Structure formats: C-alpha cells, structure tokens
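Visitor: Input structure: input.pdb, which contains PDB, C-alpha atoms.
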```pdb
ATOM      1  CA  MET A  63       5.885 -15.973  16.293  1.00  0.00           C
ATOM      2  CA  GLU A  64       7.757 -18.804  14.632  1.00  0.00           C
ATOM      3  CA  GLY A  65       5.795 -21.346  16.678  1.00  0.00           C
ATOM      4  CA  ILE A  66       2.502 -19.890  15.441  1.00  0.00           C
ATOM      5  CA  LEU A  67       3.623 -20.054  11.810  1.00  0.00           C
ATOM      6  CA  GLU A  68       4.787 -23.640  12.294  1.00  0.00           C
ATOM      7  CA  PHE A  69       1.411 -24.540  13.813  1.00  0.00           C
ATOM      8  CA  PHE A  70      -0.433 -23.021  10.836  1.00  0.00           C
ATOM      9  CA  ASN A  71       1.845 -24.768   8.337  1.00  0.00           C
ATOM     10  CA  ASN A  72       1.413 -28.145  10.038  1.00  0.00           C
ATOM     11  CA  ASN A  73      -2.385 -27.837  10.330  1.00  0.00           C
ATOM     12  CA  LEU A  74      -3.238 -25.969   7.137  1.00  0.00           C
ATOM     13  CA  TYR A  75      -5.772 -28.539   5.871  1.00  0.00           C
ATOM     14  CA  ILE A  76      -7.557 -28.622   9.220  1.00  0.00           C
ATOM     15  CA  ILE A  77      -7.734 -24.826   9.284  1.00  0.00           C
ATOM     16  CA  TYR A  78      -9.165 -24.782   5.737  1.00  0.00           C
ATOM     17  CA  LEU A  79     -11.685 -27.434   6.748  1.00  0.00           C
ATOM     18  CA  LEU A  80     -12.698 -25.422   9.820  1.00  0.00           C
ATOM     19  CA  ILE A  81     -13.221 -22.255   7.773  1.00  0.00           C
ATOM     20  CA  PHE A  82     -15.181 -24.193   5.138  1.00  0.00           C
ATOM     21  CA  THR A  83     -17.458 -25.822   7.723  1.00  0.00           C
ATOM     22  CA  ILE A  84     -18.143 -22.478   9.413  1.00  0.00           C
ATOM     23  CA  ILE A  85     -19.188 -20.895   6.111  1.00  0.00           C
ATOM     24  CA  LEU A  86     -21.202 -23.959   5.057  1.00  0.00           C
ATOM     25  CA  GLY A  87     -22.950 -24.196   8.435  1.00  0.00           C
ATOM     26  CA  PHE A  88     -23.873 -20.530   8.346  1.00  0.00           C
ATOM     27  CA  GLU A  89     -25.322 -20.858   4.844  1.00  0.00           C
ATOM     28  CA  ILE A  90     -27.329 -23.969   5.728  1.00  0.00           C
ATOM     29  CA  ILE A  91     -28.711 -22.599   9.005  1.00  0.00           C
ATOM     30  CA  SER A  92     -29.667 -19.263   7.464  1.00  0.00           C
ATOM     31  CA  LYS A  93     -31.838 -21.070   4.876  1.00  0.00           C
ATOM     32  CA  VAL A  94     -33.823 -23.129   7.441  1.00  0.00           C
ATOM     33  CA  PRO A  95     -37.502 -22.150   7.720  1.00  0.00           C
ATOM     34  CA  THR A  96     -38.799 -21.031  11.116  1.00  0.00           C
ATOM     35  CA  VAL A  97     -40.989 -24.132  11.478  1.00  0.00           C
ATOM     36  CA  LEU A  98     -37.943 -26.410  11.462  1.00  0.00           C
ATOM     37  CA  HIS A  99     -35.908 -24.589  14.098  1.00  0.00           C
ATOM     38  CA  THR A 100     -37.130 -26.711  17.039  1.00  0.00           C
ATOM     39  CA  PRO A 101     -36.268 -30.094  15.432  1.00  0.00           C
ATOM     40  CA  LEU A 102     -32.969 -28.607  14.337  1.00  0.00           C
ATOM     41  CA  MET A 103     -32.326 -27.519  17.946  1.00  0.00           C
ATOM     42  CA  SER A 104     -32.831 -31.118  19.093  1.00  0.00           C
ATOM     43  CA  GLY A 105     -30.247 -32.280  16.567  1.00  0.00           C
ATOM     44  CA  ALA A 106     -27.861 -29.552  17.708  1.00  0.00           C
ATOM     45  CA  ASN A 107     -28.275 -30.762  21.300  1.00  0.00           C
ATOM     46  CA  ALA A 108     -27.179 -34.242  20.252  1.00  0.00           C
ATOM     47  CA  ILE A 109     -24.180 -32.877  18.365  1.00  0.00           C
ATOM     48  CA  SER A 110     -23.249 -30.664  21.313  1.00  0.00           C
ATOM     49  CA  GLY A 111     -23.359 -33.724  23.570  1.00  0.00           C
ATOM     50  CA  VAL A 112     -20.812 -35.406  21.308  1.00  0.00           C
ATOM     51  CA  VAL A 113     -18.677 -32.238  21.371  1.00  0.00           C
ATOM     52  CA  ILE A 114     -18.760 -32.210  25.178  1.00  0.00           C
ATOM     53  CA  ILE A 115     -17.676 -35.856  25.393  1.00  0.00           C
ATOM     54  CA  GLY A 116     -14.891 -35.230  22.872  1.00  0.00           C
ATOM     55  CA  ALA A 117     -13.729 -32.164  24.807  1.00  0.00           C
ATOM     56  CA  ILE A 118     -13.645 -34.131  28.057  1.00  0.00           C
ATOM     57  CA  ILE A 119     -11.546 -36.831  26.377  1.00  0.00           C
ATOM     58  CA  LEU A 120      -9.260 -34.103  24.972  1.00  0.00           C
ATOM     59  CA  ILE A 121      -8.799 -32.550  28.414  1.00  0.00           C
ATOM     60  CA  ARG A 122      -8.076 -35.931  30.024  1.00  0.00           C
ATOM     61  CA  GLN A 123      -5.391 -36.808  27.447  1.00  0.00           C
ATOM     62  CA  ALA A 124      -3.686 -33.389  27.463  1.00  0.00           C
ATOM     63  CA  GLN A 125      -0.401 -32.841  29.223  1.00  0.00           C
ATOM     64  CA  SER A 126      -0.530 -30.618  32.282  1.00  0.00           C
ATOM     65  CA  ASP A 127       1.685 -27.986  30.627  1.00  0.00           C
ATOM     66  CA  ASP A 128      -0.250 -27.896  27.306  1.00  0.00           C
ATOM     67  CA  TYR A 129      -2.301 -24.792  28.060  1.00  0.00           C
ATOM     68  CA  PHE A 130      -3.666 -24.412  24.519  1.00  0.00           C
ATOM     69  CA  THR A 131      -5.233 -27.884  24.499  1.00  0.00           C
ATOM     70  CA  LEU A 132      -6.576 -27.496  28.025  1.00  0.00           C
ATOM     71  CA  GLY A 133      -8.009 -24.077  27.202  1.00  0.00           C
ATOM     72  CA  ALA A 134      -9.586 -25.267  23.941  1.00  0.00           C
ATOM     73  CA  GLY A 135     -11.104 -28.282  25.690  1.00  0.00           C
ATOM     74  CA  THR A 136     -12.467 -26.168  28.511  1.00  0.00           C
ATOM     75  CA  LEU A 137     -13.923 -23.662  26.051  1.00  0.00           C
ATOM     76  CA  ALA A 138     -15.556 -26.511  24.105  1.00  0.00           C
ATOM     77  CA  VAL A 139     -17.124 -27.919  27.286  1.00  0.00           C
ATOM     78  CA  VAL A 140     -18.450 -24.505  28.352  1.00  0.00           C
ATOM     79  CA  LEU A 141     -19.864 -23.574  24.937  1.00  0.00           C
ATOM     80  CA  GLY A 142     -21.302 -27.057  24.417  1.00  0.00           C
ATOM     81  CA  MET A 143     -23.039 -26.966  27.798  1.00  0.00           C
ATOM     82  CA  ILE A 144     -24.477 -23.522  27.066  1.00  0.00           C
ATOM     83  CA  ASN A 145     -25.867 -24.869  23.790  1.00  0.00           C
ATOM     84  CA  VAL A 146     -27.328 -28.009  25.396  1.00  0.00           C
ATOM     85  CA  VAL A 147     -28.950 -26.176  28.319  1.00  0.00           C
ATOM     86  CA  GLY A 148     -30.319 -23.453  26.042  1.00  0.00           C
ATOM     87  CA  GLY A 149     -31.622 -26.026  23.586  1.00  0.00           C
ATOM     88  CA  PHE A 150     -33.405 -27.974  26.275  1.00  0.00           C
ATOM     89  CA  ALA A 151     -34.920 -24.767  27.673  1.00  0.00           C
ATOM     90  CA  VAL A 152     -36.224 -23.749  24.248  1.00  0.00           C
ATOM     91  CA  THR A 153     -37.551 -27.251  23.559  1.00  0.00           C
ATOM     92  CA  ASP A 154     -39.266 -27.329  26.942  1.00  0.00           C
ATOM     93  CA  ARG A 155     -40.953 -23.986  26.272  1.00  0.00           C
ATOM     94  CA  MET A 156     -42.102 -25.207  22.857  1.00  0.00           C
ATOM     95  CA  LEU A 157     -43.564 -28.385  24.369  1.00  0.00           C
ATOM     96  CA  GLU A 158     -45.391 -26.337  27.037  1.00  0.00           C
ATOM     97  CA  MET A 159     -47.377 -24.685  24.255  1.00  0.00           C
ATOM     98  CA  PHE A 160     -48.885 -28.056  23.280  1.00  0.00           C
ATOM     99  CA  LYS A 161     -50.012 -29.091  26.780  1.00  0.00           C
ATOM    100  CA  LYS A 162     -53.660 -28.700  27.688  1.00  0.00           C
ATOM    101  CA  LYS A 163     -54.399 -25.919  30.110  1.00  0.00           C
ATOM    102  CA  LYS A 164     -56.059 -26.904  33.408  1.00  0.00           C
TER     103      LYS A 164
END
```
What would the structure in this file look like if it were written as structure tokens?
Guide:
Amino acid sequence: MEGILEFFNNNLYIIYLLIFTIILGFEIISKVPTVLHTPLMSGANAISGVVIIGAIILIRQAQSDDYFTLGAGTLAVVLGMINVVGGFAVTDRMLEMFKKKK
C-alpha cells in the first residue's frame, strides 16, 4: 500500500494531466458533428500509430521484472491496434459508398 501512495505522490501532476485530458477529450469528441467523424477517425488512426510506436519503445526499454511497465505497454499496443484496425475498417466502408457500382 505504501508503494502505491508513493507512486501517486511522485506522479501527481501526470495523474492530474491524465484526468484532465480524458475529460477534455470526452467533451471535444461529444461535440463533433456526425459529418466529421470519418476525418476524425483518420486523425485518430495516426495518433494511435504514434501510441503503438511509443508503447513498443516502452516495452523494449523496460526491465524484465517491471511487470507494471510491461503490462501497460502491452495494453497500449493492444488497444492502439484495435483502434487502428477498426478505424481502417470504418474508413474502408465509408469509401466503398463513393465507388461506382458495376
């Protein structure tokens, strides 16, 4: 328990920043009109690609006994890949609507 409290005390600004960005992101995304969701998805794919690369770097630099860092990096890679694959699938379906039918 003392280790958890020490972690929170050492990273308090980062935790506040994380909470702030979650709330801000939710507010911004909820105000986006439906027409802009596909371009926004393309931007999210690019950001998720950066997250995946950062997570891979994090995993490579982590010590073999640092399970928290390895777990967080693995979770970031998995969630980032889900977002990228889903975004490309949605974008592909949207682009299919604009192709001429044979």
Visitor: Written as a PyMOL selection string, which residues does the PyMOL selection byres ((chain A and resi 93-109) around 8) give for the file shown?
Guide: chain A and resi 89-92+110-113+145-146+149-150+152-153+156
Visitor: Using all atoms listed in the file, can you tell me which of A:Leu79, A:Ile84, A:Met63, A:Met143 comes closest to Ile115 in chain A?
Guide: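 Closest residue, counting all atoms listed in the file: A:Met143.
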Visitor: What does the distance between CA of Ala138 in chain A and CA of Tyr78 in chain A come to in Å, to one decimal place?
Guide: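 Rounded to one decimal, the two atoms are 19.5 Å apart.
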Visitor: I'd like the neighbourhood of range 132-137 of chain A as number ranges by chain, where a residue qualifies if any of its atoms comes within 9 Å (using all atoms listed in the file), though same-chain residues fewer than 2 positions away should be ignored.
Guide: A: 114, 116-122, 124-130, 139-142
Visitor: What's the separation between CA of Glu68 in chain A and CA of Gly87 in chain A, in Å to one decimal place?
Guide: 28.0 Å
Visitor: If you take every atom of range 148-152 of chain A that the file lists and fit an axis-aligned box around them with 4 Å extra on each side, what centre and edge lengths come out in Å to one decimal, as AutoDock Vina command-line options?
Guide:
```
--center_x -33.3 --center_y -25.7 --center_z 25.6 --size_x 13.9 --size_y 12.5 --size_z 12.1
```
